[in-house]
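One file, work_11.txt, carrying compact mmCIF, C-alpha atoms and all ligand atoms:
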```
# COMPACT_ATOMS: atom_id res chain seq x y z
CA MET A 1 0.00 0.00 0.00
CA LYS A 2 1.42 3.40 -1.03
CA GLN A 3 1.53 6.32 1.39
CA ILE A 4 1.81 10.06 0.94
CA ALA A 5 3.08 11.26 4.28
CA ASP A 6 4.96 13.99 6.08
CA PHE A 7 8.19 12.90 7.72
CA LYS A 8 10.23 14.84 10.28
CA LEU A 9 13.99 15.06 9.73
CA VAL A 10 15.38 13.61 12.98
CA GLU A 11 19.05 13.20 12.02
CA LYS A 12 21.30 14.54 9.32
CA GLN A 13 24.87 13.54 8.61
CA ASP A 14 27.01 15.43 6.13
CA TYR A 15 29.52 13.75 3.83
CA SER A 16 31.64 15.43 1.17
CA ARG A 17 29.07 15.44 -1.66
CA SER A 18 26.15 13.71 0.05
CA VAL A 19 23.93 13.72 3.11
CA LEU A 20 22.33 10.95 5.10
CA LEU A 21 18.81 11.91 6.18
CA ARG A 22 16.90 9.97 8.84
CA LEU A 23 13.19 10.76 8.56
CA ARG A 24 10.46 9.80 11.01
CA SER A 25 6.75 9.44 10.32
CA GLU A 26 3.91 9.75 12.80
CA HIS A 27 2.16 6.83 11.12
CA PRO A 28 3.14 3.16 10.85
CA LEU A 29 5.23 2.57 7.73
CA PRO A 30 3.94 0.38 4.90
CA ASP A 31 5.77 -2.80 3.96
CA ILE A 32 8.95 -1.76 2.10
CA GLN A 33 11.04 -4.02 -0.15
CA PRO A 34 14.78 -3.44 -0.72
CA GLY A 35 15.28 -1.62 -4.03
CA GLN A 36 12.07 0.41 -3.81
CA PHE A 37 12.22 4.20 -3.79
CA VAL A 38 10.43 7.32 -2.57
CA GLN A 39 9.33 10.44 -4.43
CA VAL A 40 10.31 13.46 -2.34
CA ARG A 41 8.49 16.78 -2.60
CA ILE A 42 10.94 19.67 -2.74
CA ASP A 43 9.24 22.77 -1.40
CA GLY A 44 10.09 26.40 -2.05
CA SER A 45 11.35 26.48 -5.64
CA PRO A 46 9.42 26.71 -8.94
CA SER A 47 12.13 24.64 -10.70
CA THR A 48 11.51 21.66 -8.42
CA TYR A 49 7.75 21.25 -8.72
CA LEU A 50 8.28 17.62 -9.74
CA ARG A 51 9.07 15.24 -6.90
CA ARG A 52 12.57 13.69 -6.96
CA PRO A 53 13.09 9.90 -6.84
CA ILE A 54 15.47 8.68 -4.12
CA SER A 55 16.21 5.06 -3.16
CA ILE A 56 15.25 3.79 0.25
CA HIS A 57 18.59 3.46 2.02
CA ASP A 58 17.38 2.03 5.31
CA VAL A 59 14.14 1.31 7.17
CA ASP A 60 13.34 1.06 10.87
CA LEU A 61 9.72 -0.10 11.13
CA GLN A 62 9.63 0.14 14.91
CA ARG A 63 10.74 3.77 14.95
CA LYS A 64 8.73 4.51 11.78
CA GLU A 65 11.92 5.79 10.16
CA VAL A 66 13.22 5.80 6.61
CA SER A 67 16.77 6.89 5.72
CA LEU A 68 17.90 8.41 2.44
CA LEU A 69 21.41 8.94 1.11
CA VAL A 70 21.32 11.97 -1.16
CA GLN A 71 24.03 13.21 -3.48
CA GLN A 72 23.80 16.88 -4.40
CA VAL A 73 23.68 17.25 -8.18
CA GLY A 74 21.13 20.03 -8.80
CA GLU A 75 18.55 22.33 -7.24
CA GLY A 76 16.29 19.56 -5.86
CA THR A 77 18.94 17.47 -4.16
CA ARG A 78 20.71 20.64 -2.91
CA ARG A 79 17.48 21.85 -1.30
CA LEU A 80 16.88 18.42 0.20
CA ALA A 81 20.44 18.34 1.56
CA SER A 82 20.00 21.79 3.12
CA ALA A 83 16.98 20.69 5.20
CA ASP A 84 17.46 21.17 8.93
CA LYS A 85 16.69 18.84 11.81
CA GLY A 86 12.99 19.23 12.67
CA ASP A 87 11.98 20.17 9.11
CA THR A 88 9.05 18.36 7.48
CA ILE A 89 9.63 16.45 4.26
CA ASN A 90 6.74 14.99 2.29
CA MET A 91 7.26 11.67 0.52
CA VAL A 92 5.30 9.14 -1.53
CA LEU A 93 6.38 5.59 -0.73
CA PRO A 94 7.13 2.82 -1.39
CA LEU A 95 7.39 2.98 -5.19
CA GLY A 96 8.50 0.52 -7.84
CA ALA A 97 9.56 -3.10 -7.71
CA GLY A 98 12.63 -4.03 -5.69
CA PHE A 99 15.32 -6.70 -5.86
CA THR A 100 14.42 -10.38 -6.22
CA MET A 101 15.22 -12.23 -3.02
CA PRO A 102 17.78 -15.01 -3.50
CA GLU A 103 17.14 -18.59 -2.46
CA LYS A 104 18.72 -19.73 0.79
CA GLY A 105 22.29 -20.90 0.18
CA GLU A 106 22.78 -18.85 -2.99
CA LYS A 107 25.98 -16.81 -3.14
CA CYS A 108 25.17 -13.16 -3.77
CA LEU A 109 27.34 -10.28 -4.88
CA LEU A 110 26.06 -6.74 -4.35
CA VAL A 111 27.87 -4.21 -6.55
CA GLY A 112 27.45 -0.48 -5.91
CA GLY A 113 29.01 2.49 -7.65
CA GLY A 114 28.98 6.07 -6.30
CA ILE A 115 25.61 7.00 -4.80
CA GLY A 116 24.33 3.69 -6.24
CA ILE A 117 25.51 2.09 -3.01
CA ALA A 118 22.42 3.65 -1.35
CA PRO A 119 19.76 0.91 -1.87
CA LEU A 120 22.24 -1.90 -1.21
CA PHE A 121 22.38 -1.02 2.50
CA TYR A 122 18.77 -1.99 3.24
CA PHE A 123 19.04 -4.93 0.85
CA ALA A 124 22.12 -6.31 2.65
CA GLU A 125 20.40 -5.78 6.00
CA VAL A 126 17.30 -7.74 4.92
CA LEU A 127 19.51 -10.51 3.48
CA ASN A 128 21.26 -10.79 6.86
CA GLU A 129 17.85 -11.07 8.56
CA LYS A 130 17.24 -14.06 6.26
CA SER A 131 20.61 -15.54 7.30
CA ILE A 132 22.23 -14.71 3.95
CA ARG A 133 25.59 -12.95 4.09
CA PRO A 134 26.24 -11.27 0.75
CA THR A 135 29.60 -10.20 -0.61
CA LEU A 136 29.77 -6.48 -1.31
CA LEU A 137 31.86 -4.73 -3.95
CA LEU A 138 31.65 -0.94 -3.64
CA GLY A 139 33.31 1.55 -5.95
CA GLY A 140 33.84 5.29 -5.95
CA LYS A 141 35.94 7.92 -7.67
CA THR A 142 37.78 8.52 -4.40
CA LYS A 143 37.62 7.19 -0.82
CA THR A 144 35.23 9.90 0.43
CA ASP A 145 32.58 8.53 -2.00
CA LEU A 146 32.48 5.32 0.04
CA ILE A 147 30.04 6.53 2.65
CA ARG A 148 29.29 4.38 5.75
CA LEU A 149 31.81 1.77 4.67
CA VAL A 150 32.17 0.40 8.23
CA ASP A 151 28.39 -0.02 8.43
CA TYR A 152 28.28 -1.87 5.11
CA GLN A 153 31.08 -4.16 6.28
CA GLN A 154 28.89 -5.57 9.08
CA PHE A 155 26.62 -7.22 6.46
CA GLY A 156 29.24 -9.30 4.66
CA GLU A 157 32.75 -9.43 3.23
CA THR A 158 33.26 -6.05 1.56
CA PHE A 159 35.66 -5.17 -1.24
CA VAL A 160 36.41 -1.68 -2.48
CA THR A 161 37.72 0.05 -5.59
CA THR A 162 38.51 3.73 -6.12
CA GLU A 163 39.42 5.32 -9.43
CA ASP A 164 42.27 7.29 -7.82
CA GLY A 165 43.50 4.34 -5.73
CA SER A 166 42.91 6.19 -2.43
CA LEU A 167 41.17 3.10 -0.97
CA GLY A 168 40.98 -0.56 -1.99
CA GLU A 169 42.05 -1.65 -5.45
CA LYS A 170 42.65 1.10 -8.01
CA GLY A 171 40.21 1.24 -10.95
CA PHE A 172 36.58 0.37 -11.64
CA VAL A 173 34.53 -2.29 -9.84
CA THR A 174 34.74 -4.51 -12.94
CA MET A 175 38.56 -4.53 -12.58
CA HIS A 176 38.58 -5.88 -9.01
CA SER A 177 40.49 -9.14 -8.53
CA ILE A 178 37.46 -10.74 -6.82
CA TRP A 179 36.02 -11.53 -10.29
CA GLN A 180 38.97 -13.89 -10.87
CA ARG A 181 38.89 -15.41 -7.37
CA GLN A 182 35.21 -16.03 -6.59
CA SER A 183 32.01 -17.09 -8.32
CA PHE A 184 28.43 -16.11 -7.48
CA ASP A 185 24.88 -17.34 -8.12
CA LYS A 186 23.30 -13.90 -8.24
CA ILE A 187 24.69 -10.40 -8.88
CA TYR A 188 22.80 -7.22 -7.96
CA VAL A 189 24.02 -3.85 -9.23
CA CYS A 190 23.25 -0.17 -8.70
CA GLY A 191 25.31 2.74 -9.98
CA PRO A 192 26.00 4.84 -13.07
CA LYS A 193 24.65 3.28 -16.29
CA PRO A 194 28.09 2.62 -17.91
CA MET A 195 29.18 0.79 -14.76
CA MET A 196 25.98 -1.29 -14.63
CA LYS A 197 26.37 -2.16 -18.32
CA ALA A 198 29.97 -3.26 -17.72
CA VAL A 199 28.96 -5.48 -14.79
CA ALA A 200 26.02 -6.88 -16.80
CA LYS A 201 28.46 -7.78 -19.61
CA LEU A 202 30.68 -9.60 -17.10
CA ALA A 203 27.64 -11.46 -15.77
CA VAL A 204 26.69 -12.57 -19.31
CA GLU A 205 30.27 -13.77 -19.95
CA LYS A 206 30.15 -15.76 -16.71
CA ASP A 207 26.55 -16.85 -17.33
CA VAL A 208 25.42 -15.50 -13.97
CA TRP A 209 21.95 -14.18 -13.14
CA CYS A 210 22.09 -10.39 -12.72
CA GLU A 211 19.73 -7.60 -11.69
CA VAL A 212 20.37 -3.87 -12.07
CA SER A 213 18.58 -0.89 -10.54
CA LEU A 214 18.02 1.77 -13.21
CA GLU A 215 18.02 5.49 -12.43
CA ASN A 216 16.21 6.83 -15.50
CA LEU A 217 14.95 10.40 -15.27
CA MET A 218 11.49 10.40 -13.69
CA ALA A 219 8.60 12.78 -13.26
CA CYS A 220 5.40 11.22 -11.86
CA GLY A 221 7.00 8.05 -10.46
CA LEU A 222 3.67 6.28 -10.90
CA GLY A 223 3.62 5.03 -14.50
CA ALA A 224 1.50 7.90 -15.86
CA CYS A 225 3.82 10.32 -17.72
CA LEU A 226 5.98 7.81 -19.67
CA CYS A 227 9.13 9.90 -19.23
CA CYS A 228 11.11 7.04 -17.69
CA VAL A 229 10.62 4.34 -20.37
CA GLU A 230 13.27 1.72 -21.06
CA ASP A 231 13.45 -0.55 -24.09
CA THR A 232 13.16 -4.20 -23.08
CA VAL A 233 12.60 -7.51 -24.83
CA ASP A 234 8.92 -7.08 -23.85
CA GLY A 235 8.74 -3.59 -25.43
CA HIS A 236 8.95 -0.17 -23.76
CA VAL A 237 8.21 -0.25 -20.04
CA CYS A 238 8.05 2.38 -17.29
CA VAL A 239 11.08 2.05 -15.03
CA CYS A 240 9.20 3.70 -12.15
CA LYS A 241 6.50 1.02 -12.14
CA GLU A 242 8.02 -2.18 -13.56
CA GLY A 243 11.44 -1.34 -12.12
CA PRO A 244 13.64 0.29 -11.11
CA VAL A 245 15.11 -3.21 -10.71
CA PHE A 246 15.36 -5.32 -13.89
CA ASN A 247 16.97 -8.60 -14.78
CA THR A 248 19.65 -7.71 -17.34
CA ARG A 249 18.31 -10.37 -19.74
CA ARG A 250 15.18 -8.21 -20.13
CA LEU A 251 17.11 -5.09 -21.12
CA LYS A 252 18.12 -4.23 -24.68
CA TRP A 253 21.63 -3.08 -23.71
C1 LIG A 301 14.81 5.04 -8.87
C2 LIG A 301 15.82 6.13 -8.56
C3 LIG A 301 16.51 6.08 -7.38
C4 LIG A 301 17.44 7.08 -7.09
N1 LIG A 301 18.10 7.02 -5.90
C5 LIG A 301 18.95 8.00 -5.55
C6 LIG A 301 19.57 8.00 -4.26
O1 LIG A 301 19.38 7.09 -3.44
N2 LIG A 301 20.36 9.04 -3.95
C7 LIG A 301 20.60 10.06 -4.84
O2 LIG A 301 21.34 10.98 -4.48
N3 LIG A 301 20.05 10.09 -6.05
C8 LIG A 301 19.21 9.10 -6.44
N4 LIG A 301 18.61 9.13 -7.67
C9 LIG A 301 18.93 10.25 -8.58
C10 LIG A 301 18.12 11.48 -8.18
O3 LIG A 301 16.75 11.22 -8.40
C11 LIG A 301 18.56 12.67 -9.02
O4 LIG A 301 19.91 12.97 -8.76
C12 LIG A 301 17.69 13.88 -8.71
O5 LIG A 301 16.38 13.67 -9.18
C13 LIG A 301 18.27 15.11 -9.35
O6 LIG A 301 17.44 16.19 -9.00
P1 LIG A 301 18.03 17.67 -8.86
O7 LIG A 301 16.89 18.61 -8.81
O8 LIG A 301 19.03 17.75 -7.77
O9 LIG A 301 18.87 17.82 -10.18
P2 LIG A 301 18.33 18.34 -11.59
O10 LIG A 301 18.46 19.83 -11.59
O11 LIG A 301 17.02 17.71 -11.90
O12 LIG A 301 19.46 17.70 -12.49
C14 LIG A 301 20.85 18.01 -12.26
C15 LIG A 301 21.69 17.12 -13.12
O13 LIG A 301 21.55 15.76 -12.69
C16 LIG A 301 21.09 14.97 -13.77
N5 LIG A 301 20.16 13.97 -13.26
C17 LIG A 301 18.92 14.15 -12.77
N6 LIG A 301 18.36 12.98 -12.42
C18 LIG A 301 19.28 12.03 -12.71
C19 LIG A 301 19.31 10.63 -12.62
N7 LIG A 301 18.26 9.92 -12.20
N8 LIG A 301 20.44 9.98 -13.02
C20 LIG A 301 21.49 10.66 -13.49
N9 LIG A 301 21.51 11.98 -13.61
C21 LIG A 301 20.43 12.66 -13.23
C22 LIG A 301 20.38 15.92 -14.71
O14 LIG A 301 20.36 15.42 -16.04
C23 LIG A 301 21.26 17.14 -14.59
O15 LIG A 301 22.43 17.02 -15.36
C24 LIG A 301 17.69 8.14 -8.01
C25 LIG A 301 17.00 8.17 -9.21
C26 LIG A 301 16.07 7.17 -9.49
C27 LIG A 301 15.32 7.21 -10.78
S1 LIG A 302 8.10 8.67 -14.09
FE1 LIG A 302 6.16 8.95 -15.00
S2 LIG A 302 5.85 7.06 -15.98
FE2 LIG A 302 7.67 6.74 -14.87
```

File written out as structure tokens:
Amino acid sequence: MKQIADFKLVEKQDYSRSVLLRLRSEHPLPDIQPGQFVQVRIDGSPSTYLRRPISIHDVDLQRKEVSLLVQQVGEGTRRLASADKGDTINMVLPLGAGFTMPEKGEKCLLVGGGIGIAPLFYFAEVLNEKSIRPTLLLGGKTKTDLIRLVDYQQFGETFVTTEDGSLGEKGFVTMHSIWQRQSFDKIYVCGPKPMMKAVAKLAVEKDVWCEVSLENLMACGLGACLCCVEDTVDGHVCVCKEGPVFNTRRLKW
């Protein structure tokens, strides 16, 4: 069941280009699947009349809290990042279809690039609750992009790449030595499109099942405006409704 609700900003943590926002509702939260997203209303600017889609980074049902990890790229995300503790933020949630849960005993690799690490936090947490410990491979341009690394590490063995070599192995996630050393049953990816395409190509070469979380530009977030369509083997589909998570075999990449 979808909700449109006001949330109070109860905690804000600043990182170099991003912020972590912990938002509390007065009402019980709906059921939320890892990989789903919210549409945030950005008040106070005519250029941000459309809500902005942001992945659900973490959920605390008991405290009625949802966390978002937001990278500042334009007016909307800058305004969101400048919210103060106590401010009210209106969100529609949960939207879209999330990641497919693996079977017990399957070996999972979660690959995140840049701010694409955001939805993998809640996913890894839910996997742990189901007694599945995933392997994580997180990449950034530089070490400060790898936000909450210590917190991610609690969920499973975590490997890191940075383009400048400031942390982990130097290069892109697809260049990490883990690809030569380990094999997986399922790969889940979120990050910039070129990175997701490169991982999807690796998965095809290795004949491994792979899901990616697309970040197409969105307006309504509800399947009405058609501005987020993606070409798939089943024709054009709305990423906001059928996705954002897709099996790579469905995508015409
Ligand atoms: C399903 C989904 C989940 C997302 N999750 C997160 C998240 O967890 N954290 C986060 O920080 N961001 C996330 N994004 C991206 C976020 O929605 C955009 O960065 C945001 O809408 C930009 O709004 P703005 O007003 O700040 O920038 P705008 O002024 O709208 O745009 C600024 C620049 O960013 C580009 N841009 C806008 N949207 C996107 C996008 N989706 N992908 C790539 N470039 C874009 C524009 O083309 C422009 O160059 C997600 C997007 C989708 C579709
Ligand atoms: S954003 Fe409107 S249809 Fe997907």

Please, which residues in chain A fall within 10 Å of ligand LIG 302 (chain A) when counting all atoms listed in the file, and what is the closest atom pair and distance in Å to one decimal for each, ordered by chain then residue number, as a Markdown table?
```
| residue | atom | partner | partner_atom | distance |
| --- | --- | --- | --- | --- |
| A:Gln39 | CA | A:LIG302 | S1 | 9.9 |
| A:Leu50 | CA | A:LIG302 | S1 | 10.0 |
| A:Arg51 | CA | A:LIG302 | S1 | 9.8 |
| A:Arg52 | CA | A:LIG302 | S1 | 9.8 |
| A:Pro53 | CA | A:LIG302 | S1 | 8.9 |
| A:Gly96 | CA | A:LIG302 | FE2 | 9.4 |
| A:Asn216 | CA | A:LIG302 | S1 | 8.4 |
| A:Leu217 | CA | A:LIG302 | S1 | 7.2 |
| A:Met218 | CA | A:LIG302 | S1 | 3.8 |
| A:Ala219 | CA | A:LIG302 | S1 | 4.2 |
| A:Cys220 | CA | A:LIG302 | FE1 | 3.9 |
| A:Gly221 | CA | A:LIG302 | S1 | 3.8 |
| A:Leu222 | CA | A:LIG302 | FE1 | 5.5 |
| A:Gly223 | CA | A:LIG302 | S2 | 3.4 |
| A:Ala224 | CA | A:LIG302 | S2 | 4.4 |
| A:Cys225 | CA | A:LIG302 | FE1 | 3.8 |
| A:Leu226 | CA | A:LIG302 | S2 | 3.8 |
| A:Cys227 | CA | A:LIG302 | FE1 | 5.3 |
| A:Cys228 | CA | A:LIG302 | FE2 | 4.5 |
| A:Val229 | CA | A:LIG302 | FE2 | 6.7 |
| A:Glu230 | CA | A:LIG302 | FE2 | 9.7 |
| A:Val237 | CA | A:LIG302 | S2 | 8.7 |
| A:Cys238 | CA | A:LIG302 | FE2 | 5.0 |
| A:Val239 | CA | A:LIG302 | FE2 | 5.8 |
| A:Cys240 | CA | A:LIG302 | FE2 | 4.4 |
| A:Lys241 | CA | A:LIG302 | FE2 | 6.4 |
| A:Glu242 | CA | A:LIG302 | FE2 | 9.0 |
| A:Gly243 | CA | A:LIG302 | FE2 | 9.3 |
| A:Pro244 | CA | A:LIG302 | FE2 | 9.6 |
```

Can you tell me which residues come within 9 Å of ligand LIG 301 (chain A) when counting all atoms listed in the file, ideally as a ChimeraX atom specification? /A:18-19,35-39,42,47-48,50-57,68-80,95-96,115-119,192-193,213-219,221,228,239-240,243-245

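The space separating atom CA of A:Thr232 from atom CA of A:Asp58 comes to 29.4 Å.
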
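For the set A:Lys107, A:Gly112, A:Ser16, A:Asp207, the residue with the smallest atom-to-atom gap to A:Thr174 is A:Gly112, counting all atoms listed in the file.
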
Give me the residues near A:Phe159 as a VMD selection string, where near means some atom within 8 Å (using only C-alpha atoms) and where sequence neighbours in that chain fewer than 4 positions away do not count. chain A and resid 135 to 138 168

Would you pick out the contacts of stretch 182-185 of chain A at 6 Å or less, using only C-alpha atoms, so that residues sharing its chain but fewer than 4 positions from it are not included, and give the list as number ranges by chain? A: 106-108, 178

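Between atom CA of A:Thr142 and atom CA of A:Glu211 lies a distance of 25.3 Å.
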
Between atom CA of A:Val126 and atom CA of A:Pro94, what distance in Å does the model show, to one decimal? 16.0 Å

Which polymer residues, protein or nucleic acid, are no farther than 10 Å from (30.5, -1.9, -10.2), counting all atoms listed in the file, as a PyMOL selection string? chain A and resi 110-114+116-117+137-140+160-161+172-176+188-200

For the residues in that selection, give me C-alpha atoms as a PDB file, in the frame of the given file.
```
ATOM      1  CA  LEU A 110      26.060  -6.740  -4.350  1.00  0.00           C
ATOM      2  CA  VAL A 111      27.870  -4.210  -6.550  1.00  0.00           C
ATOM      3  CA  GLY A 112      27.450  -0.480  -5.910  1.00  0.00           C
ATOM      4  CA  GLY A 113      29.010   2.490  -7.650  1.00  0.00           C
ATOM      5  CA  GLY A 114      28.980   6.070  -6.300  1.00  0.00           C
ATOM      6  CA  GLY A 116      24.330   3.690  -6.240  1.00  0.00           C
ATOM      7  CA  ILE A 117      25.510   2.090  -3.010  1.00  0.00           C
ATOM      8  CA  LEU A 137      31.860  -4.730  -3.950  1.00  0.00           C
ATOM      9  CA  LEU A 138      31.650  -0.940  -3.640  1.00  0.00           C
ATOM     10  CA  GLY A 139      33.310   1.550  -5.950  1.00  0.00           C
ATOM     11  CA  GLY A 140      33.840   5.290  -5.950  1.00  0.00           C
ATOM     12  CA  VAL A 160      36.410  -1.680  -2.480  1.00  0.00           C
ATOM     13  CA  THR A 161      37.720   0.050  -5.590  1.00  0.00           C
ATOM     14  CA  PHE A 172      36.580   0.370 -11.640  1.00  0.00           C
ATOM     15  CA  VAL A 173      34.530  -2.290  -9.840  1.00  0.00           C
ATOM     16  CA  THR A 174      34.740  -4.510 -12.940  1.00  0.00           C
ATOM     17  CA  MET A 175      38.560  -4.530 -12.580  1.00  0.00           C
ATOM     18  CA  HIS A 176      38.580  -5.880  -9.010  1.00  0.00           C
ATOM     19  CA  TYR A 188      22.800  -7.220  -7.960  1.00  0.00           C
ATOM     20  CA  VAL A 189      24.020  -3.850  -9.230  1.00  0.00           C
ATOM     21  CA  CYS A 190      23.250  -0.170  -8.700  1.00  0.00           C
ATOM     22  CA  GLY A 191      25.310   2.740  -9.980  1.00  0.00           C
ATOM     23  CA  PRO A 192      26.000   4.840 -13.070  1.00  0.00           C
ATOM     24  CA  LYS A 193      24.650   3.280 -16.290  1.00  0.00           C
ATOM     25  CA  PRO A 194      28.090   2.620 -17.910  1.00  0.00           C
ATOM     26  CA  MET A 195      29.180   0.790 -14.760  1.00  0.00           C
ATOM     27  CA  MET A 196      25.980  -1.290 -14.630  1.00  0.00           C
ATOM     28  CA  LYS A 197      26.370  -2.160 -18.320  1.00  0.00           C
ATOM     29  CA  ALA A 198      29.970  -3.260 -17.720  1.00  0.00           C
ATOM     30  CA  VAL A 199      28.960  -5.480 -14.790  1.00  0.00           C
ATOM     31  CA  ALA A 200      26.020  -6.880 -16.800  1.00  0.00           C
TER      32      ALA A 200
END
```

Would you please work out which residue, of A:Glu205, A:Asp31, A:Asp234, A:Glu11, is nearest to A:Gly98 when using only C-alpha atoms? A:Asp31
